[in-house]
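Shown below: entry21.cif, with mmCIF, C-alpha atoms.
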```
data_upload
loop_
_atom_site.label_atom_id
_atom_site.label_comp_id
_atom_site.auth_asym_id
_atom_site.auth_seq_id
_atom_site.Cartn_x
_atom_site.Cartn_y
_atom_site.Cartn_z
CA MET A 1 96.86 122.70 112.83
CA THR A 2 94.98 119.43 113.38
CA GLU A 3 96.40 117.24 116.13
CA ILE A 4 98.12 114.18 114.65
CA LYS A 5 97.11 110.88 116.24
CA LYS A 6 99.80 108.23 116.81
CA LYS A 7 97.34 105.51 115.79
CA ASP A 8 96.85 107.11 112.37
CA ILE A 9 100.60 107.45 111.89
CA MET A 10 101.18 103.79 112.74
CA ILE A 11 98.38 102.59 110.43
CA CYS A 12 99.56 104.75 107.52
CA GLY A 13 103.19 103.85 108.22
CA PHE A 14 102.44 100.13 108.06
CA ALA A 15 100.37 100.70 104.91
CA LEU A 16 103.27 102.52 103.20
CA PHE A 17 105.59 99.72 104.33
CA ALA A 18 103.26 97.15 102.73
CA ILE A 19 103.18 99.15 99.47
CA PHE A 20 106.97 99.36 99.22
CA PHE A 21 107.57 95.85 100.56
CA GLY A 22 107.25 93.82 97.38
CA ALA A 23 108.04 90.12 97.21
CA GLY A 24 110.27 90.80 94.20
CA ASN A 25 112.56 92.96 96.35
CA LEU A 26 113.39 90.07 98.68
CA ILE A 27 115.91 88.62 96.25
CA PHE A 28 118.34 91.53 96.56
CA PRO A 29 119.43 91.73 100.27
CA PRO A 30 120.46 88.04 100.64
CA TYR A 31 122.42 88.28 97.38
CA LEU A 32 124.22 91.39 98.68
CA GLY A 33 125.04 89.53 101.91
CA VAL A 34 126.69 86.79 99.83
CA VAL A 35 128.57 89.39 97.74
CA ALA A 36 129.81 91.47 100.69
CA LYS A 37 130.45 88.61 103.16
CA SER A 38 132.02 90.19 106.28
CA LYS A 39 131.32 93.67 104.86
CA TRP A 40 127.57 93.10 104.93
CA VAL A 41 126.97 96.22 107.05
CA GLU A 42 128.63 98.44 104.43
CA VAL A 43 126.66 96.96 101.53
CA MET A 44 123.47 97.10 103.62
CA LEU A 45 123.90 100.83 104.25
CA GLY A 46 124.26 101.47 100.51
CA PHE A 47 121.15 99.44 99.76
CA LEU A 48 119.12 101.15 102.50
CA LEU A 49 120.02 104.54 101.05
CA SER A 50 118.53 103.46 97.71
CA ASP A 51 115.62 101.76 99.43
CA PRO A 52 113.93 102.86 101.67
CA VAL A 53 115.56 106.29 102.29
CA LEU A 54 115.20 107.72 98.76
CA PRO A 55 111.67 106.37 98.13
CA ILE A 56 110.41 107.76 101.42
CA LEU A 57 112.02 111.13 100.68
CA GLY A 58 110.24 110.97 97.31
CA VAL A 59 106.90 110.44 99.05
CA ILE A 60 107.48 113.32 101.47
CA VAL A 61 108.63 115.78 98.80
CA THR A 62 105.67 114.91 96.55
CA VAL A 63 103.28 115.56 99.45
CA MET A 64 105.06 118.90 99.92
CA LEU A 65 104.41 119.68 96.25
CA GLY A 66 100.69 118.90 96.55
CA GLY A 67 100.50 115.12 96.64
CA LYS A 68 100.05 114.48 92.90
CA ALA A 69 102.46 112.19 91.06
CA GLU A 70 102.87 114.56 88.12
CA ALA A 71 104.04 117.36 90.46
CA LEU A 72 107.58 115.94 90.51
CA GLY A 73 109.30 117.33 87.43
CA LYS A 74 106.69 119.86 86.33
CA ARG A 75 108.97 122.81 86.99
CA VAL A 76 111.48 121.37 84.56
CA ASN A 77 108.87 121.31 81.83
CA PRO A 78 105.34 119.84 81.51
CA VAL A 79 106.54 117.69 78.59
CA PHE A 80 109.45 116.42 80.72
CA ALA A 81 107.06 115.59 83.57
CA ALA A 82 104.82 113.64 81.17
CA ALA A 83 107.81 111.81 79.65
CA LEU A 84 109.11 110.97 83.11
CA GLY A 85 105.70 109.60 84.07
CA LEU A 86 105.60 107.49 80.91
CA LEU A 87 109.09 106.12 81.60
CA ILE A 88 108.10 105.20 85.15
CA ILE A 89 104.88 103.48 84.04
CA LEU A 90 106.66 101.45 81.35
CA THR A 91 109.42 100.45 83.79
CA ILE A 92 107.12 99.36 86.61
CA GLY A 93 104.84 97.92 83.96
CA PRO A 94 105.45 95.66 80.97
CA LEU A 95 109.15 96.32 80.44
CA TYR A 96 110.47 95.14 83.80
CA ALA A 97 108.52 94.99 87.07
CA ILE A 98 105.51 92.98 85.86
CA PRO A 99 107.58 90.40 83.90
CA ARG A 100 109.79 90.02 86.97
CA THR A 101 106.81 88.89 89.07
CA GLY A 102 106.20 85.95 86.72
CA ALA A 103 109.89 85.04 86.47
CA THR A 104 110.28 85.25 90.26
CA THR A 105 107.30 82.93 90.75
CA TYR A 106 108.88 80.28 88.53
CA GLU A 107 112.38 80.58 90.02
CA ILE A 108 111.35 80.66 93.69
CA PHE A 109 108.39 78.28 93.68
CA ILE A 110 108.38 75.92 90.68
CA GLN A 111 112.05 75.53 89.75
CA PRO A 112 113.23 74.35 93.21
CA LEU A 113 110.57 71.59 93.16
CA GLN A 114 111.62 70.19 89.78
CA PRO A 115 113.33 66.75 89.75
CA VAL A 116 117.10 66.77 89.23
CA GLY A 117 118.26 65.87 85.73
CA LEU A 118 115.48 67.41 83.64
CA SER A 119 116.60 68.40 80.15
CA HIS A 120 116.99 72.08 79.27
CA GLY A 121 114.06 71.82 76.86
CA THR A 122 111.77 70.33 79.52
CA GLN A 123 112.74 73.05 82.02
CA ARG A 124 112.06 75.66 79.37
CA ASN A 125 108.61 74.24 78.68
CA ILE A 126 107.78 74.17 82.41
CA LYS A 127 108.83 77.83 82.66
CA ILE A 128 106.60 78.75 79.69
CA VAL A 129 103.60 76.92 81.17
CA THR A 130 104.19 78.44 84.64
CA CYS A 131 104.48 82.00 83.34
CA PHE A 132 101.49 81.50 81.01
CA ILE A 133 99.28 80.33 83.90
CA PHE A 134 100.59 83.15 86.13
CA PHE A 135 99.76 85.87 83.59
CA ALA A 136 96.46 84.24 82.60
CA LEU A 137 95.44 84.52 86.26
CA THR A 138 96.73 88.10 86.33
CA LEU A 139 94.60 89.07 83.35
CA TYR A 140 91.55 87.26 84.74
CA PHE A 141 91.70 89.18 88.03
CA VAL A 142 92.41 92.48 86.23
CA LEU A 143 89.38 92.08 83.96
CA ASN A 144 87.13 90.63 86.66
CA GLU A 145 87.46 92.91 89.65
CA GLY A 146 86.58 91.23 92.89
CA LYS A 147 87.72 90.81 96.46
CA VAL A 148 89.85 87.70 95.95
CA ILE A 149 93.09 89.64 95.43
CA GLU A 150 92.18 92.06 98.22
CA ILE A 151 91.61 89.17 100.63
CA ILE A 152 94.86 87.45 99.59
CA GLY A 153 96.77 90.71 99.99
CA LYS A 154 95.34 91.31 103.45
CA TYR A 155 97.01 88.19 104.84
CA LEU A 156 100.08 88.01 102.61
CA THR A 157 102.29 90.65 104.20
CA PRO A 158 101.89 89.27 107.74
CA GLY A 159 102.45 85.71 106.45
CA LEU A 160 105.56 86.68 104.52
CA LEU A 161 106.94 88.62 107.49
CA ILE A 162 106.44 85.61 109.78
CA VAL A 163 108.43 83.36 107.42
CA LEU A 164 111.19 85.96 107.10
CA ALA A 165 111.29 86.53 110.86
CA VAL A 166 111.87 82.82 111.45
CA VAL A 167 114.66 82.81 108.82
CA VAL A 168 116.38 85.77 110.47
CA ILE A 169 116.07 84.32 113.99
CA VAL A 170 117.58 81.02 112.81
CA SER A 171 120.41 82.89 111.05
CA ILE A 172 121.24 84.60 114.37
CA VAL A 173 120.68 81.70 116.79
CA LYS A 174 121.96 78.89 114.59
CA PRO A 175 123.63 80.27 111.44
CA PRO A 176 124.12 77.71 108.67
CA GLY A 177 127.75 78.73 108.17
CA GLN A 178 130.53 81.14 109.07
CA ILE A 179 130.50 84.59 107.46
CA VAL A 180 133.41 84.61 105.02
CA HIS A 181 136.02 87.34 105.53
CA SER A 182 136.28 89.85 102.67
CA GLU A 183 138.85 92.46 101.67
CA ASP A 184 136.80 93.70 98.70
CA SER A 185 136.17 97.43 98.39
CA GLY A 186 133.27 99.38 96.92
CA MET A 187 130.55 97.52 98.81
CA PHE A 188 128.61 100.70 99.63
CA VAL A 189 128.30 101.59 95.94
CA ARG A 190 127.41 97.96 95.10
CA GLY A 191 124.55 98.11 97.61
CA LEU A 192 123.45 101.54 96.41
CA LYS A 193 123.18 100.45 92.77
CA GLU A 194 121.58 97.10 93.60
CA GLY A 195 118.90 99.13 95.38
CA TYR A 196 118.07 100.85 92.08
CA GLN A 197 116.63 97.50 90.95
CA THR A 198 113.74 97.80 93.41
CA MET A 199 112.62 100.93 91.48
CA ASP A 200 110.87 102.20 94.60
CA ALA A 201 112.34 105.71 94.29
CA MET A 202 110.98 105.92 90.74
CA VAL A 203 107.43 105.10 91.85
CA SER A 204 107.50 107.06 95.11
CA ALA A 205 105.61 109.97 93.53
CA LEU A 206 102.79 107.58 92.59
CA PHE A 207 102.64 106.20 96.12
CA ALA A 208 102.62 109.72 97.57
CA GLY A 209 99.15 110.22 96.11
CA ILE A 210 97.92 107.21 98.10
CA VAL A 211 99.47 108.54 101.32
CA SER A 212 98.13 112.05 100.76
CA ALA A 213 94.60 110.77 100.04
CA ASP A 214 94.63 108.50 103.11
CA LEU A 215 95.79 111.34 105.38
CA ALA A 216 93.07 113.61 103.99
CA ARG A 217 90.48 110.90 104.60
CA ARG A 218 91.60 110.81 108.24
CA GLY A 219 91.04 114.55 108.62
CA TYR A 220 94.54 115.91 107.90
CA LYS A 221 93.65 118.23 105.06
CA ASP A 222 95.78 121.35 105.50
CA LYS A 223 99.19 121.23 103.81
CA LYS A 224 101.36 121.79 106.90
CA THR A 225 99.67 118.97 108.80
CA GLN A 226 99.94 116.64 105.80
CA ILE A 227 103.66 117.32 105.46
CA LYS A 228 104.30 116.78 109.19
CA ALA A 229 102.21 113.60 109.19
CA SER A 230 103.88 112.26 106.01
CA ILE A 231 107.31 112.68 107.64
CA GLN A 232 106.18 110.64 110.65
CA VAL A 233 104.59 108.03 108.39
CA GLY A 234 107.86 107.86 106.45
CA ILE A 235 109.84 107.26 109.64
CA VAL A 236 107.61 104.32 110.63
CA SER A 237 107.89 102.81 107.15
CA PHE A 238 111.67 103.33 107.10
CA VAL A 239 112.21 101.54 110.40
CA LEU A 240 110.17 98.53 109.24
CA LEU A 241 111.83 98.29 105.82
CA ALA A 242 115.31 98.81 107.26
CA LEU A 243 114.74 95.97 109.74
CA VAL A 244 113.57 93.59 107.00
CA TYR A 245 116.22 94.42 104.40
CA GLY A 246 119.02 94.74 106.93
CA SER A 247 118.30 91.43 108.62
CA LEU A 248 118.00 89.66 105.24
CA THR A 249 121.39 91.05 104.23
CA TYR A 250 122.89 89.58 107.40
CA ALA A 251 121.12 86.27 106.76
CA GLY A 252 122.64 86.23 103.27
CA ALA A 253 126.10 86.79 104.73
CA THR A 254 125.68 83.67 106.92
CA VAL A 255 125.43 81.52 103.77
CA SER A 256 128.36 83.24 102.01
CA SER A 257 130.44 80.07 102.41
CA TYR A 258 127.89 78.15 100.31
CA TYR A 259 127.17 80.65 97.53
CA THR A 260 129.07 83.11 95.33
CA PRO A 261 128.02 86.26 93.41
CA GLU A 262 127.75 84.03 90.32
CA ASN A 263 124.70 82.30 91.79
CA ASP A 264 121.29 83.70 90.78
CA ARG A 265 119.60 85.96 93.31
CA THR A 266 116.50 83.75 93.45
CA GLU A 267 118.69 80.66 93.93
CA ILE A 268 120.38 82.26 96.94
CA LEU A 269 117.10 83.29 98.57
CA ILE A 270 115.39 79.93 98.24
CA GLY A 271 118.57 78.02 99.11
CA MET A 272 119.01 80.11 102.26
CA VAL A 273 115.43 79.39 103.33
CA ASN A 274 115.89 75.68 102.61
CA MET A 275 119.03 75.55 104.78
CA MET A 276 117.30 77.20 107.71
CA LEU A 277 113.72 75.88 107.49
CA GLY A 278 114.02 72.75 105.36
CA THR A 279 111.78 71.67 102.48
CA THR A 280 108.56 72.70 104.25
CA GLY A 281 109.87 76.22 104.75
CA LYS A 282 111.04 76.37 101.14
CA VAL A 283 107.62 75.34 99.82
CA LEU A 284 105.83 77.74 102.19
CA MET A 285 108.09 80.59 101.08
CA GLY A 286 107.41 79.70 97.44
CA ILE A 287 103.65 79.77 97.94
CA VAL A 288 103.63 83.07 99.84
CA VAL A 289 105.98 84.78 97.38
CA THR A 290 103.91 83.50 94.43
CA LEU A 291 100.68 84.94 95.85
CA ALA A 292 102.46 88.20 96.69
CA CYS A 293 103.82 88.40 93.13
CA LEU A 294 100.32 87.76 91.76
CA THR A 295 98.78 90.62 93.77
CA THR A 296 101.64 92.89 92.65
CA SER A 297 101.19 91.88 89.02
CA VAL A 298 97.42 92.49 89.12
CA GLY A 299 97.92 95.89 90.74
CA LEU A 300 100.57 97.02 88.25
CA VAL A 301 98.60 95.88 85.17
CA SER A 302 95.60 97.82 86.52
CA VAL A 303 97.79 100.91 87.02
CA CYS A 304 99.02 100.66 83.40
CA GLY A 305 95.45 100.25 82.11
CA ASN A 306 94.18 103.29 84.01
CA TYR A 307 97.24 105.39 83.11
CA PHE A 308 97.06 104.90 79.34
CA GLN A 309 93.27 105.24 79.30
CA SER A 310 93.59 108.55 81.12
CA LEU A 311 96.56 109.72 79.03
CA SER A 312 94.75 108.98 75.75
CA LYS A 313 91.47 110.43 77.11
CA GLY A 314 89.68 107.16 76.48
CA ALA A 315 91.12 106.42 73.03
CA LEU A 316 93.01 103.47 74.54
CA GLU A 317 90.55 101.33 76.47
CA TYR A 318 91.50 99.92 79.88
CA LYS A 319 90.86 96.29 78.88
CA ALA A 320 92.84 96.55 75.63
CA VAL A 321 95.84 98.06 77.46
CA ALA A 322 95.60 95.36 80.14
CA VAL A 323 95.69 92.59 77.51
CA VAL A 324 98.68 94.08 75.63
CA THR A 325 100.54 94.74 78.89
CA THR A 326 99.98 91.17 80.06
CA ILE A 327 101.12 89.65 76.74
CA ILE A 328 104.34 91.72 76.68
CA SER A 329 104.99 90.87 80.33
CA PHE A 330 104.55 87.15 79.65
CA ILE A 331 107.04 87.22 76.77
CA LEU A 332 109.69 89.16 78.72
CA SER A 333 109.24 86.99 81.83
CA LEU A 334 110.71 84.06 79.89
CA LEU A 335 114.09 85.82 79.95
CA GLY A 336 114.38 85.06 83.67
CA VAL A 337 115.15 87.35 86.61
CA THR A 338 118.92 87.53 86.05
CA LYS A 339 118.63 88.49 82.36
CA MET A 340 116.04 91.15 83.18
CA ILE A 341 118.34 92.64 85.81
CA GLU A 342 121.18 92.66 83.28
CA TYR A 343 119.24 94.63 80.65
CA SER A 344 117.50 96.95 83.12
CA GLY A 345 120.61 97.71 85.19
CA PRO A 346 122.23 100.23 82.81
CA ILE A 347 118.87 101.93 82.14
CA LEU A 348 118.09 102.35 85.85
CA SER A 349 121.66 103.48 86.63
CA CYS A 350 121.30 106.08 83.86
CA VAL A 351 117.98 107.46 85.10
CA TYR A 352 118.39 107.16 88.88
CA PRO A 353 120.85 110.07 89.41
CA MET A 354 118.29 112.33 87.70
CA ILE A 355 115.45 110.99 89.89
CA ILE A 356 117.51 111.41 93.08
CA ALA A 357 118.58 114.95 92.10
CA LEU A 358 114.98 115.88 91.31
CA ILE A 359 113.77 114.56 94.68
CA LEU A 360 116.49 116.37 96.63
CA VAL A 361 116.18 119.74 94.86
CA SER A 362 112.38 119.64 95.22
CA PHE A 363 112.79 119.81 99.01
CA PHE A 364 113.86 123.41 98.49
CA ASP A 365 111.17 124.18 95.92
CA LYS A 366 109.86 127.36 97.56
CA TYR A 367 113.39 128.80 97.72
CA ILE A 368 114.21 128.13 94.04
CA LYS A 369 113.07 131.15 92.06
CA TYR A 370 113.82 130.07 88.51
CA ASN A 371 112.32 127.03 86.78
CA LEU A 372 115.44 126.76 84.64
CA THR A 373 117.40 125.79 87.77
CA TYR A 374 115.48 122.50 87.77
CA ALA A 375 116.36 121.95 84.10
CA GLY A 376 120.03 122.46 84.91
CA VAL A 377 119.96 120.02 87.81
CA VAL A 378 118.25 117.34 85.72
CA THR A 379 120.62 117.92 82.77
CA GLY A 380 123.77 117.59 84.89
CA ALA A 381 122.59 114.41 86.62
CA PHE A 382 121.39 112.83 83.37
CA ILE A 383 124.65 113.51 81.53
CA VAL A 384 126.60 111.67 84.23
CA GLY A 385 124.20 108.73 84.27
CA PHE A 386 124.19 108.49 80.48
CA VAL A 387 127.97 108.66 80.05
CA GLN A 388 128.57 106.01 82.71
CA ASN A 389 126.08 103.54 81.27
CA ALA A 390 125.83 104.12 77.50
CA PRO A 391 127.37 101.25 75.46
CA ILE A 392 129.66 103.58 73.48
CA LYS A 393 133.30 102.50 73.13
CA SER A 394 135.01 105.44 71.39
CA ALA A 395 138.27 106.77 72.87
CA GLY A 396 136.80 110.22 73.47
CA PHE A 397 133.76 108.82 75.23
CA GLU A 398 135.88 106.53 77.39
CA GLY A 399 138.04 109.52 78.33
CA PHE A 400 134.94 111.47 79.36
CA LYS A 401 133.79 108.48 81.41
CA SER A 402 137.20 108.31 83.17
CA PHE A 403 136.94 112.03 83.96
CA ILE A 404 133.49 111.56 85.52
CA ASN A 405 134.75 108.60 87.54
CA SER A 406 137.50 110.83 88.95
CA LEU A 407 135.03 113.39 90.30
CA PRO A 408 134.49 113.88 94.07
CA LEU A 409 132.15 111.40 95.83
CA HIS A 410 132.71 108.71 93.18
CA SER A 411 133.76 106.26 95.91
CA ILE A 412 130.22 106.36 97.36
CA GLY A 413 128.36 106.47 94.03
CA PHE A 414 127.55 110.20 94.04
CA GLU A 415 129.92 111.48 91.35
CA TRP A 416 126.89 113.14 89.73
CA VAL A 417 126.53 115.67 92.57
CA VAL A 418 129.19 118.16 91.40
CA PRO A 419 128.05 118.27 87.73
CA THR A 420 124.45 118.60 88.95
CA LEU A 421 125.34 121.61 91.11
CA VAL A 422 127.44 123.19 88.33
CA PHE A 423 124.70 122.85 85.72
CA GLY A 424 122.12 124.09 88.24
CA ILE A 425 124.18 127.24 88.87
CA ILE A 426 124.86 127.83 85.15
CA PHE A 427 121.20 127.50 84.23
CA THR A 428 120.22 129.80 87.13
CA ILE A 429 122.61 132.47 85.84
CA ILE A 430 121.12 132.13 82.34
CA ALA A 431 117.58 132.44 83.75
CA THR A 432 118.56 135.50 85.80
CA ALA A 433 120.09 137.22 82.77
CA THR A 434 117.45 136.31 80.19
CA GLY A 435 114.26 135.36 82.05
CA ILE A 436 114.05 132.12 80.04
CA GLY A 437 111.89 129.44 81.66
CA GLY A 438 109.98 131.74 83.98
CA THR A 439 109.86 131.82 87.78
CA LEU A 440 108.13 129.99 90.62
CA GLU A 441 105.47 132.70 90.63
CA ASP A 442 104.80 132.12 86.92
CA PHE A 443 104.58 128.37 87.51
CA LEU A 444 102.07 128.76 90.36
CA LYS A 445 99.89 131.05 88.23
CA GLN A 446 99.89 128.51 85.39
CA GLU A 447 98.94 125.71 87.80
CA GLU A 448 96.10 127.81 89.23
CA ALA A 449 94.80 128.58 85.72
CA LEU A 450 94.91 124.88 84.78
CA GLN A 451 92.99 123.93 87.93
CA LYS A 452 90.28 126.50 87.18
CA ALA A 453 90.04 125.31 83.56
CA SER A 454 89.61 121.68 84.63
CA LYS A 455 86.67 122.45 86.94
#
```

Whole structure, structure tokens version:
Amino acid sequence: MTEIKKKDIMICGFALFAIFFGAGNLIFPPYLGVVAKSKWVEVMLGFLLSDPVLPILGVIVTVMLGGKAEALGKRVNPVFAAALGLLIILTIGPLYAIPRTGATTYEIFIQPLQPVGLSHGTQRNIKIVTCFIFFALTLYFVLNEGKVIEIIGKYLTPGLLIVLAVVVIVSIVKPPGQIVHSEDSGMFVRGLKEGYQTMDAMVSALFAGIVSADLARRGYKDKKTQIKASIQVGIVSFVLLALVYGSLTYAGATVSSYYTPENDRTEILIGMVNMMLGTTGKVLMGIVVTLACLTTSVGLVSVCGNYFQSLSKGALEYKAVAVVTTIISFILSLLGVTKMIEYSGPILSCVYPMIIALILVSFFDKYIKYNLTYAGVVTGAFIVGFVQNAPIKSAGFEGFKSFINSLPLHSIGFEWVVPTLVFGIIFTIIATATGIGGTLEDFLKQEEALQKASK
């Protein structure tokens, strides 16, 4: 086994941190601090479980499975794996993540600088112009590859971290207000489900390919070394992300006497910065976040272009996909961050139990003989997520929902665990008795045959 160098682990760990650390995610921890008030530690722990614990576990398990994004879910069914990949691309692409970058830019940078008293129509027009310019720049950089975005990205993360560090230090040394006492319950679950909005666990399989390729480039090519190194890289990334998100949650709690959960997430973030650093700090934060959102937008549009070109085997051209993706993203960005969170929330809460279950069961991949076990796990988790979030109001459906909410672990947001285990066991028994779905050995033979055919 190749000796693992600490320097490589630190570099890769910081790189993974930078990948997960998106400017759009900054709006969630301060909001949770305002919501939880004196229970900010509880809500922080729930959020940290969603992000970064689950995403990093997703990276590690994907490296264990070979480092390719499509590996997660293939034992359920190749069609399922492809559908899951499509869902992830659309979610991190034109249906949510990309539009959110444009909306965040307007709400954090432009809106706070607008004069008081502007009519609703004027504000709407400014938002349209801002988002149009933002996505015009996105499309320009996507279609004209150069080093501008790379150079901006190189200095953005350190710059953003410096601003955030100052905010956190001020919140500790000279907090703007007293943390309001709270008797509210369920803060852990609130943090857990707010963390779904970052979508990092959904895209962790995609990021695993980057980590795996970087480790191989550094000489760590055998599987055991890659797995060991990816775990260490994950630990470094976790510590950094936990420090950032945890400290921002605390900072949000220090302004809980000024804001309520009814305030927009972007409003809380920029207001908090303004209280601690003044107008200069607010403007600086707006500029840095805007540039960070632009680099994220360019990267995600490029990912969508490459994905659909590859999926269609060239029938859908990269540039055409990029244009369509950008246009859809521009239109949806006009909804605003809060509206996008409202429509995406039920969808993410429906899908996330399935993603989490898939990540966790994949850790034991070599011990799971039957492929149908995976199908059972995914089915159980999806049923729970669907029932809890589907907008169906019939008496029977509501009764089923109440039953699910009475299951063990509901108080910490893991009521899907028992149904997942039950369905996993049932499907395993069916596979044992009938042979339906095949075994791990069959799956490995199919993968080997596909690899030979592609060469």

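When all atoms listed in the file are used to measure the gap to Ala381 in chain A, the shortest distance among A:Tyr31, A:Ile359, A:Phe207, A:Leu48 belongs to A:Ile359.
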
*Residues at most 7 Å from Leu192 in chain A, counting all atoms listed in the file, excluding those fewer than 2 positions away in the same chain, as a list in words?*
Gly46, Phe47, Leu49, Ser50, Phe188, Val189, Arg190, Glu194, Gly195 and Tyr196 of chain A

With C-alpha atoms retained, could you export that selection as a JSON list (two decimals), in the frame of the given file?
```json
[["chain", "number", "residue", "atom", "x", "y", "z"],
["A", 46, "GLY", "CA", 124.26, 101.47, 100.51],
["A", 47, "PHE", "CA", 121.15, 99.44, 99.76],
["A", 49, "LEU", "CA", 120.02, 104.54, 101.05],
["A", 50, "SER", "CA", 118.53, 103.46, 97.71],
["A", 188, "PHE", "CA", 128.61, 100.70, 99.63],
["A", 189, "VAL", "CA", 128.30, 101.59, 95.94],
["A", 190, "ARG", "CA", 127.41, 97.96, 95.10],
["A", 194, "GLU", "CA", 121.58, 97.10, 93.60],
["A", 195, "GLY", "CA", 118.90, 99.13, 95.38],
["A", 196, "TYR", "CA", 118.07, 100.85, 92.08]]
```

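Once the PyMOL selection byres ((chain A and resi 249) around 7) is applied to the shown structure, the selection contains Pro29, Pro30, Leu32, Gly33, Trp40, Met44, Tyr245, Gly246, Ser247, Leu248, Tyr250, Ala251, Gly252 and Ala253 of chain A.
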
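Note that CA of Val298 in chain A and CA of Ile110 in chain A are 19.9 Å apart.
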
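Between CA of Gly67 in chain A and CA of Leu54 in chain A the interatomic distance comes to 16.6 Å.
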
| said: Under the PyMOL selection byres ((chain A and resi 183) around 10), which residues of this model are included? Write them out as a VMD selection string. | reply: chain A and resid 36 to 39 181 to 182 184 to 185

Restricting to only C-alpha atoms, whichever of A:Asp8, A:Thr428, A:Gly345, A:Ile126 is closest to Arg217 in chain A is A:Asp8

Using all atoms listed in the file and a cutoff of 10 Å, can you tell me which residues are near (125.2, 112.1, 83.6) in the file's coordinates, and write them out as an MDAnalysis selection string?
chainID A and resid 349:354 378:389 401 404 415:417 419:420

Emit the selected residues as an mmCIF file, in the frame of the given file, including C-alpha atoms.
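out.cif written:
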```cif
data_model
loop_
_atom_site.group_PDB
_atom_site.id
_atom_site.type_symbol
_atom_site.label_atom_id
_atom_site.label_comp_id
_atom_site.auth_asym_id
_atom_site.auth_seq_id
_atom_site.Cartn_x
_atom_site.Cartn_y
_atom_site.Cartn_z
ATOM 1 C CA SER A 349 121.660 103.480 86.630
ATOM 2 C CA CYS A 350 121.300 106.080 83.860
ATOM 3 C CA VAL A 351 117.980 107.460 85.100
ATOM 4 C CA TYR A 352 118.390 107.160 88.880
ATOM 5 C CA PRO A 353 120.850 110.070 89.410
ATOM 6 C CA MET A 354 118.290 112.330 87.700
ATOM 7 C CA VAL A 378 118.250 117.340 85.720
ATOM 8 C CA THR A 379 120.620 117.920 82.770
ATOM 9 C CA GLY A 380 123.770 117.590 84.890
ATOM 10 C CA ALA A 381 122.590 114.410 86.620
ATOM 11 C CA PHE A 382 121.390 112.830 83.370
ATOM 12 C CA ILE A 383 124.650 113.510 81.530
ATOM 13 C CA VAL A 384 126.600 111.670 84.230
ATOM 14 C CA GLY A 385 124.200 108.730 84.270
ATOM 15 C CA PHE A 386 124.190 108.490 80.480
ATOM 16 C CA VAL A 387 127.970 108.660 80.050
ATOM 17 C CA GLN A 388 128.570 106.010 82.710
ATOM 18 C CA ASN A 389 126.080 103.540 81.270
ATOM 19 C CA LYS A 401 133.790 108.480 81.410
ATOM 20 C CA ILE A 404 133.490 111.560 85.520
ATOM 21 C CA GLU A 415 129.920 111.480 91.350
ATOM 22 C CA TRP A 416 126.890 113.140 89.730
ATOM 23 C CA VAL A 417 126.530 115.670 92.570
ATOM 24 C CA PRO A 419 128.050 118.270 87.730
ATOM 25 C CA THR A 420 124.450 118.600 88.950
#
```

Residues within 7 Å of Leu440 in chain A, all atoms listed in the file, excluding chain neighbours under 3 positions, as a PyMOL selection string: chain A and resi 369-371+443-444

Report task. Fewer than 3 positions away in the same chain doesn't count, so skip those; otherwise give me all residues within 12 Å of Arg265 in chain A, counting only C-alpha atoms, as a VMD selection string. Result -> chain A and resid 24 to 35 103 to 104 107 to 108 194 252 259 to 262 268 to 272 336 to 341

Distance query range 90-94 of chain A at most 6 Å, only C-alpha atoms, self and fewer than 5 positions along chain excluded, as a ChimeraX atom specification:
/A:325,328-329

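For the pair CA of Val166 in chain A and CA of Thr254 in chain A, the separation is 14.6 Å.
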